[in-house]
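Inspection log for the structure reproduced underneath, given as structure tokens.
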Amino acid sequence: MRFLPLFDISYKKSSFDISMLILRLGFGILMIPHGYAKFVSFGEKQNDFMDFMGLGPATSLVLAIFAEMICSALLVLGLFTRAATIPLIITAMVITFLAHDGDVFGKGYGGFSYLLVYIVILLVGPGKFSLDAAISSKQRF
């Protein structure tokens with residue numbers, strides 16, 4: 001008999017899958033407005049945006065919008081989840097280490113939080129409640 005279930009280190013597969021769903025939905029939905037704001041103000045920002053890879057500010061802005069809107073939408077759906085996290089990880093690294101000078105306890109805190117979550121999702125995958133899981137289960141014989 002377990003008297004202190006809060007200290008139990010075991011977990012159910014369903015708890016894991018629900019947790020991954022919450023992480024995917026939460027951090028995917030939270031990032032989309034950042035990309036949308038960049039999208040609607042593209043004309044204003046295209047010449048002034050941070051040129052983080054030497055591709056030019058407009059190209060860097062397009063890549064940020066792609067990551068923050070398209071990859072976040074894929075994350076919410078759980079479709080191509082691991083691949084979608086790669087641009088999101090790069091974006092979160094740029095936010096944290098270039099835009100906010102690695103100040104993970106100050107202005108870079110939000111970007112660093114996103115970075116940690118995206119790395120976890122990359123490592124463990126989308127979970128059962130995702131389109132990736134549905135597609136993968138249909139491919140098994």
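Residues in the structure tokens are named by chain (A, B, ... in the order shown) and by number from 1 within that chain; ligands are numbered from 1 in the order shown.
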Quick one: residues within 12 Å of A:Phe112, only C-alpha atoms, excluding same-chain residues fewer than 2 positions away - as a list of chain:residue names?
A:Leu88, A:Ile89, A:Ile90, A:Thr91, A:Ala92, A:Met93, A:Val94, A:Ile95, A:Thr96, A:Phe97, A:Leu98, A:Ala99, A:His100, A:Asp101, A:Gly102, A:Asp103, A:Val104, A:Phe105, A:Gly106, A:Lys107, A:Gly108, A:Tyr109, A:Gly110, A:Tyr114, A:Leu115, A:Leu116, A:Val117, A:Tyr118, A:Ile119
Counting only C-alpha atoms, what are the residues of stretch 40-133 of chain A within 12 Å of stretch 22-25 of chain A, and for each of them which pair of atoms is the nearest and at what distance in Å, to one decimal? Sort the table by chain and rising number, as CSV.
```
residue,atom,partner,partner_atom,distance
A:Cys71,CA,A:Arg24,CA,11.2
A:Ser72,CA,A:Arg24,CA,8.6
A:Ala73,CA,A:Leu25,CA,9.0
A:Leu74,CA,A:Arg24,CA,9.4
A:Leu75,CA,A:Arg24,CA,5.8
A:Val76,CA,A:Leu25,CA,4.8
A:Leu77,CA,A:Leu25,CA,8.0
A:Gly78,CA,A:Arg24,CA,7.3
A:Leu79,CA,A:Arg24,CA,10.7
A:Thr81,CA,A:Arg24,CA,8.9
A:Arg82,CA,A:Arg24,CA,11.1
A:Ala84,CA,A:Arg24,CA,11.1
A:Thr85,CA,A:Arg24,CA,10.1
A:Ser113,CA,A:Leu23,CA,11.8
A:Tyr114,CA,A:Leu23,CA,10.3
A:Leu116,CA,A:Leu23,CA,11.2
A:Val117,CA,A:Leu23,CA,7.5
A:Tyr118,CA,A:Arg24,CA,8.7
A:Ile119,CA,A:Leu23,CA,11.5
A:Val120,CA,A:Leu23,CA,9.4
A:Ile121,CA,A:Arg24,CA,7.6
A:Leu122,CA,A:Arg24,CA,10.7
A:Val124,CA,A:Leu23,CA,11.5
A:Gly125,CA,A:Arg24,CA,9.8
A:Pro126,CA,A:Arg24,CA,7.3
A:Gly127,CA,A:Arg24,CA,9.4
A:Lys128,CA,A:Arg24,CA,11.8
A:Phe129,CA,A:Ile22,CA,9.9
A:Ser130,CA,A:Arg24,CA,9.3
```
Atom-to-atom span, atom CA of A:Tyr11 and atom CA of A:Ser136, Å
23.6 Å
Here atom CA of A:Pro57 and atom CA of A:Ile29 stand apart by 25.3 Å
Quick one: everything within 12 Å of stretch 61-64 of chain A, counting only C-alpha atoms, minus sequence neighbours fewer than 2 positions away in the same chain. Send it as number ranges by chain.
A: 31-32, 34-59, 66-72, 87-95
Take the residues that were just selected and, keeping N, CA and C atoms, output them as a CSV table (one decimal), in the first residue's frame.
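As written to disk, result-v7.csv reads:
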```csv
chain,number,residue,atom,x,y,z
A,31,MET,N,3.1,29.9,-29.0
A,31,MET,CA,4.0,30.5,-29.9
A,31,MET,C,3.4,31.1,-31.1
A,32,ILE,N,2.2,30.6,-31.6
A,32,ILE,CA,1.6,31.1,-32.8
A,32,ILE,C,1.4,32.6,-32.8
A,34,HIS,N,3.1,34.9,-31.6
A,34,HIS,CA,4.4,35.6,-31.9
A,34,HIS,C,4.6,35.7,-33.4
A,35,GLY,N,4.4,34.5,-34.1
A,35,GLY,CA,4.6,34.4,-35.5
A,35,GLY,C,3.6,35.3,-36.2
A,36,TYR,N,2.3,35.2,-35.8
A,36,TYR,CA,1.3,36.0,-36.4
A,36,TYR,C,1.6,37.5,-36.4
A,37,ALA,N,2.1,38.0,-35.2
A,37,ALA,CA,2.4,39.4,-35.1
A,37,ALA,C,3.5,39.8,-36.1
A,38,LYS,N,4.5,38.9,-36.3
A,38,LYS,CA,5.5,39.2,-37.3
A,38,LYS,C,4.9,39.1,-38.7
A,39,PHE,N,4.0,38.2,-38.9
A,39,PHE,CA,3.4,38.1,-40.2
A,39,PHE,C,2.7,39.3,-40.6
A,40,VAL,N,1.8,39.8,-39.7
A,40,VAL,CA,1.0,41.0,-40.1
A,40,VAL,C,1.8,42.3,-40.2
A,41,SER,N,3.0,42.3,-39.5
A,41,SER,CA,3.8,43.5,-39.6
A,41,SER,C,5.1,43.3,-40.5
A,42,PHE,N,5.0,42.3,-41.4
A,42,PHE,CA,6.1,41.9,-42.2
A,42,PHE,C,6.7,43.1,-43.0
A,43,GLY,N,5.8,43.9,-43.6
A,43,GLY,CA,6.3,45.1,-44.3
A,43,GLY,C,7.1,46.0,-43.5
A,44,GLU,N,6.7,46.2,-42.3
A,44,GLU,CA,7.4,47.2,-41.4
A,44,GLU,C,8.8,46.6,-40.9
A,45,LYS,N,8.8,45.3,-40.7
A,45,LYS,CA,9.9,44.6,-40.0
A,45,LYS,C,10.9,44.0,-41.0
A,46,GLN,N,10.6,43.9,-42.2
A,46,GLN,CA,11.5,43.1,-43.1
A,46,GLN,C,12.9,43.7,-43.3
A,47,ASN,N,13.0,45.0,-43.1
A,47,ASN,CA,14.3,45.6,-43.3
A,47,ASN,C,15.1,45.7,-42.0
A,48,ASP,N,14.4,45.6,-40.8
A,48,ASP,CA,15.0,45.9,-39.5
A,48,ASP,C,15.2,44.6,-38.7
A,49,PHE,N,14.7,43.5,-39.2
A,49,PHE,CA,14.7,42.3,-38.4
A,49,PHE,C,16.1,41.8,-38.2
A,50,MET,N,16.3,41.1,-37.1
A,50,MET,CA,17.7,40.6,-36.7
A,50,MET,C,18.1,39.6,-37.8
A,51,ASP,N,19.3,39.8,-38.4
A,51,ASP,CA,19.9,39.0,-39.4
A,51,ASP,C,20.8,38.0,-38.7
A,52,PHE,N,20.2,36.9,-38.1
A,52,PHE,CA,21.0,36.0,-37.3
A,52,PHE,C,21.8,35.0,-38.0
A,53,MET,N,21.6,34.8,-39.3
A,53,MET,CA,22.5,33.8,-39.9
A,53,MET,C,23.1,34.4,-41.2
A,54,GLY,N,23.1,35.6,-41.3
A,54,GLY,CA,23.7,36.3,-42.5
A,54,GLY,C,22.9,36.1,-43.8
A,55,LEU,N,21.6,35.8,-43.7
A,55,LEU,CA,20.8,35.6,-44.8
A,55,LEU,C,20.0,36.8,-45.2
A,56,GLY,N,20.1,37.9,-44.4
A,56,GLY,CA,19.4,39.1,-44.6
A,56,GLY,C,18.2,39.1,-43.7
A,57,PRO,N,17.8,40.4,-43.3
A,57,PRO,CA,16.7,40.5,-42.4
A,57,PRO,C,15.3,39.9,-42.9
A,58,ALA,N,15.0,40.1,-44.2
A,58,ALA,CA,13.7,39.6,-44.7
A,58,ALA,C,13.7,38.1,-44.6
A,59,THR,N,14.8,37.4,-45.1
A,59,THR,CA,14.8,36.0,-45.0
A,59,THR,C,14.8,35.5,-43.6
A,66,PHE,N,7.9,31.2,-40.2
A,66,PHE,CA,7.7,29.8,-40.6
A,66,PHE,C,7.7,28.9,-39.3
A,67,ALA,N,8.8,29.1,-38.5
A,67,ALA,CA,8.9,28.4,-37.3
A,67,ALA,C,7.8,28.6,-36.3
A,68,GLU,N,7.5,29.9,-36.1
A,68,GLU,CA,6.6,30.3,-35.0
A,68,GLU,C,5.1,30.0,-35.4
A,69,MET,N,4.8,30.0,-36.7
A,69,MET,CA,3.4,29.8,-37.1
A,69,MET,C,3.2,28.3,-37.6
A,70,ILE,N,3.9,28.0,-38.7
A,70,ILE,CA,3.7,26.7,-39.3
A,70,ILE,C,4.2,25.5,-38.4
A,71,CYS,N,5.4,25.6,-37.9
A,71,CYS,CA,5.9,24.5,-37.1
A,71,CYS,C,5.2,24.4,-35.8
A,72,SER,N,4.7,25.6,-35.2
A,72,SER,CA,3.9,25.5,-34.0
A,72,SER,C,2.5,24.8,-34.3
A,87,PRO,N,13.2,23.7,-36.2
A,87,PRO,CA,13.2,25.1,-36.4
A,87,PRO,C,12.7,25.9,-35.1
A,88,LEU,N,11.9,25.3,-34.3
A,88,LEU,CA,11.4,25.9,-33.1
A,88,LEU,C,12.6,26.0,-32.1
A,89,ILE,N,13.4,25.0,-32.0
A,89,ILE,CA,14.6,25.0,-31.1
A,89,ILE,C,15.6,26.1,-31.6
A,90,ILE,N,15.8,26.1,-32.9
A,90,ILE,CA,16.7,27.2,-33.4
A,90,ILE,C,16.2,28.6,-33.1
A,91,THR,N,14.9,28.8,-33.3
A,91,THR,CA,14.3,30.1,-33.0
A,91,THR,C,14.4,30.4,-31.5
A,92,ALA,N,14.1,29.4,-30.7
A,92,ALA,CA,14.3,29.7,-29.2
A,92,ALA,C,15.7,30.0,-28.8
A,93,MET,N,16.7,29.3,-29.5
A,93,MET,CA,18.1,29.6,-29.2
A,93,MET,C,18.4,31.0,-29.6
A,94,VAL,N,17.9,31.4,-30.8
A,94,VAL,CA,18.2,32.8,-31.3
A,94,VAL,C,17.6,33.8,-30.3
A,95,ILE,N,16.4,33.6,-29.9
A,95,ILE,CA,15.7,34.5,-28.9
A,95,ILE,C,16.5,34.5,-27.6
```
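Atom CA of A:Met20 is positioned 12.7 Å from atom CA of A:Asp132.
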Helix (DSSP H, G or I) per DSSP on the backbone: members of chain A, as a PDB file with C-alpha atoms, in the first residue's frame:
```
ATOM      1  CA  PRO A   5       1.637   8.700  -3.816  1.00  0.00           C
ATOM      2  CA  LEU A   6       3.232  12.110  -4.361  1.00  0.00           C
ATOM      3  CA  PHE A   7       6.632  10.471  -3.884  1.00  0.00           C
ATOM      4  CA  LYS A  13       1.485   5.442 -20.043  1.00  0.00           C
ATOM      5  CA  SER A  14      -1.785   7.393 -20.269  1.00  0.00           C
ATOM      6  CA  SER A  15      -0.399  10.053 -17.895  1.00  0.00           C
ATOM      7  CA  PHE A  16       2.681  10.387 -20.081  1.00  0.00           C
ATOM      8  CA  ASP A  17       0.604  10.716 -23.268  1.00  0.00           C
ATOM      9  CA  ILE A  18      -1.712  13.302 -21.712  1.00  0.00           C
ATOM     10  CA  SER A  19       1.322  15.241 -20.464  1.00  0.00           C
ATOM     11  CA  MET A  20       2.853  15.292 -23.942  1.00  0.00           C
ATOM     12  CA  LEU A  21      -0.467  16.451 -25.392  1.00  0.00           C
ATOM     13  CA  ILE A  22      -0.613  19.306 -22.866  1.00  0.00           C
ATOM     14  CA  LEU A  23       2.990  20.335 -23.627  1.00  0.00           C
ATOM     15  CA  ARG A  24       2.437  20.221 -27.391  1.00  0.00           C
ATOM     16  CA  LEU A  25      -0.853  22.107 -27.284  1.00  0.00           C
ATOM     17  CA  GLY A  26       0.269  24.636 -24.702  1.00  0.00           C
ATOM     18  CA  PHE A  27       3.612  25.615 -26.167  1.00  0.00           C
ATOM     19  CA  GLY A  28       2.413  25.312 -29.760  1.00  0.00           C
ATOM     20  CA  ILE A  29      -0.577  27.575 -29.172  1.00  0.00           C
ATOM     21  CA  LEU A  30       1.461  30.048 -27.110  1.00  0.00           C
ATOM     22  CA  MET A  31       4.042  30.519 -29.896  1.00  0.00           C
ATOM     23  CA  ILE A  32       1.612  31.055 -32.792  1.00  0.00           C
ATOM     24  CA  PRO A  33       0.676  34.660 -31.822  1.00  0.00           C
ATOM     25  CA  HIS A  34       4.373  35.630 -31.903  1.00  0.00           C
ATOM     26  CA  GLY A  35       4.609  34.436 -35.501  1.00  0.00           C
ATOM     27  CA  TYR A  36       1.286  36.004 -36.431  1.00  0.00           C
ATOM     28  CA  ALA A  37       2.397  39.392 -35.097  1.00  0.00           C
ATOM     29  CA  LYS A  38       5.513  39.165 -37.258  1.00  0.00           C
ATOM     30  CA  PHE A  39       3.432  38.077 -40.246  1.00  0.00           C
ATOM     31  CA  VAL A  40       0.991  41.002 -40.093  1.00  0.00           C
ATOM     32  CA  PHE A  42       6.101  41.913 -42.225  1.00  0.00           C
ATOM     33  CA  GLY A  43       6.307  45.075 -44.346  1.00  0.00           C
ATOM     34  CA  GLU A  44       7.439  47.151 -41.399  1.00  0.00           C
ATOM     35  CA  LYS A  45       9.932  44.624 -40.014  1.00  0.00           C
ATOM     36  CA  PRO A  57      16.676  40.496 -42.381  1.00  0.00           C
ATOM     37  CA  ALA A  58      13.737  39.620 -44.684  1.00  0.00           C
ATOM     38  CA  THR A  59      14.804  35.972 -45.035  1.00  0.00           C
ATOM     39  CA  SER A  60      15.432  35.723 -41.290  1.00  0.00           C
ATOM     40  CA  LEU A  61      11.961  37.137 -40.662  1.00  0.00           C
ATOM     41  CA  VAL A  62      10.377  34.603 -43.038  1.00  0.00           C
ATOM     42  CA  LEU A  63      12.207  31.769 -41.243  1.00  0.00           C
ATOM     43  CA  ALA A  64      11.036  33.044 -37.852  1.00  0.00           C
ATOM     44  CA  ILE A  65       7.437  33.290 -39.103  1.00  0.00           C
ATOM     45  CA  PHE A  66       7.664  29.774 -40.554  1.00  0.00           C
ATOM     46  CA  ALA A  67       8.920  28.356 -37.259  1.00  0.00           C
ATOM     47  CA  GLU A  68       6.560  30.293 -35.028  1.00  0.00           C
ATOM     48  CA  MET A  69       3.397  29.761 -37.092  1.00  0.00           C
ATOM     49  CA  ILE A  70       3.749  26.691 -39.313  1.00  0.00           C
ATOM     50  CA  CYS A  71       5.947  24.545 -37.073  1.00  0.00           C
ATOM     51  CA  SER A  72       3.877  25.498 -34.025  1.00  0.00           C
ATOM     52  CA  ALA A  73       0.697  24.464 -35.867  1.00  0.00           C
ATOM     53  CA  LEU A  74       2.349  21.129 -36.715  1.00  0.00           C
ATOM     54  CA  LEU A  75       3.285  20.766 -33.062  1.00  0.00           C
ATOM     55  CA  VAL A  76      -0.322  21.360 -31.996  1.00  0.00           C
ATOM     56  CA  LEU A  77      -1.510  18.714 -34.452  1.00  0.00           C
ATOM     57  CA  THR A  81       6.429  16.605 -34.503  1.00  0.00           C
ATOM     58  CA  ARG A  82      10.139  15.916 -34.139  1.00  0.00           C
ATOM     59  CA  ALA A  83      10.976  17.629 -37.429  1.00  0.00           C
ATOM     60  CA  ALA A  84       8.814  20.623 -36.484  1.00  0.00           C
ATOM     61  CA  THR A  85      10.685  21.094 -33.216  1.00  0.00           C
ATOM     62  CA  ILE A  86      14.024  21.660 -34.957  1.00  0.00           C
ATOM     63  CA  PRO A  87      13.161  25.131 -36.382  1.00  0.00           C
ATOM     64  CA  LEU A  88      11.447  25.946 -33.081  1.00  0.00           C
ATOM     65  CA  ILE A  89      14.590  24.999 -31.148  1.00  0.00           C
ATOM     66  CA  ILE A  90      16.714  27.161 -33.440  1.00  0.00           C
ATOM     67  CA  THR A  91      14.282  30.063 -33.024  1.00  0.00           C
ATOM     68  CA  ALA A  92      14.254  29.673 -29.229  1.00  0.00           C
ATOM     69  CA  MET A  93      18.071  29.590 -29.220  1.00  0.00           C
ATOM     70  CA  VAL A  94      18.199  32.807 -31.258  1.00  0.00           C
ATOM     71  CA  ILE A  95      15.679  34.452 -28.925  1.00  0.00           C
ATOM     72  CA  THR A  96      17.595  33.348 -25.829  1.00  0.00           C
ATOM     73  CA  PHE A  97      21.230  33.656 -26.810  1.00  0.00           C
ATOM     74  CA  LEU A  98      21.310  36.335 -29.506  1.00  0.00           C
ATOM     75  CA  ALA A  99      18.316  38.612 -28.921  1.00  0.00           C
ATOM     76  CA  TYR A 109      13.720  33.577 -19.597  1.00  0.00           C
ATOM     77  CA  GLY A 110      10.726  33.062 -21.907  1.00  0.00           C
ATOM     78  CA  GLY A 111      12.816  31.980 -24.869  1.00  0.00           C
ATOM     79  CA  PHE A 112      14.823  29.627 -22.674  1.00  0.00           C
ATOM     80  CA  SER A 113      11.623  28.070 -21.312  1.00  0.00           C
ATOM     81  CA  TYR A 114      10.429  27.413 -24.865  1.00  0.00           C
ATOM     82  CA  LEU A 115      13.835  25.969 -25.717  1.00  0.00           C
ATOM     83  CA  LEU A 116      13.723  23.470 -22.860  1.00  0.00           C
ATOM     84  CA  VAL A 117      10.203  22.315 -23.721  1.00  0.00           C
ATOM     85  CA  TYR A 118      10.998  21.946 -27.439  1.00  0.00           C
ATOM     86  CA  ILE A 119      14.063  19.856 -26.605  1.00  0.00           C
ATOM     87  CA  VAL A 120      11.935  17.570 -24.415  1.00  0.00           C
ATOM     88  CA  ILE A 121       9.369  17.166 -27.196  1.00  0.00           C
ATOM     89  CA  LEU A 122      12.139  16.400 -29.695  1.00  0.00           C
ATOM     90  CA  LEU A 123      13.599  13.737 -27.409  1.00  0.00           C
ATOM     91  CA  VAL A 124      10.422  11.979 -26.284  1.00  0.00           C
ATOM     92  CA  LEU A 131      -1.443  12.573 -35.814  1.00  0.00           C
ATOM     93  CA  ASP A 132       2.045  11.063 -35.860  1.00  0.00           C
ATOM     94  CA  ALA A 133       0.825   8.236 -33.614  1.00  0.00           C
ATOM     95  CA  ALA A 134      -2.305   7.728 -35.721  1.00  0.00           C
ATOM     96  CA  ILE A 135      -0.285   7.559 -38.936  1.00  0.00           C
ATOM     97  CA  SER A 136       2.326   5.280 -37.426  1.00  0.00           C
ATOM     98  CA  SER A 137      -0.280   2.842 -36.044  1.00  0.00           C
ATOM     99  CA  LYS A 138      -1.903   2.559 -39.488  1.00  0.00           C
ATOM    100  CA  GLN A 139       1.435   1.651 -41.065  1.00  0.00           C
TER     101      GLN A 139
END
```
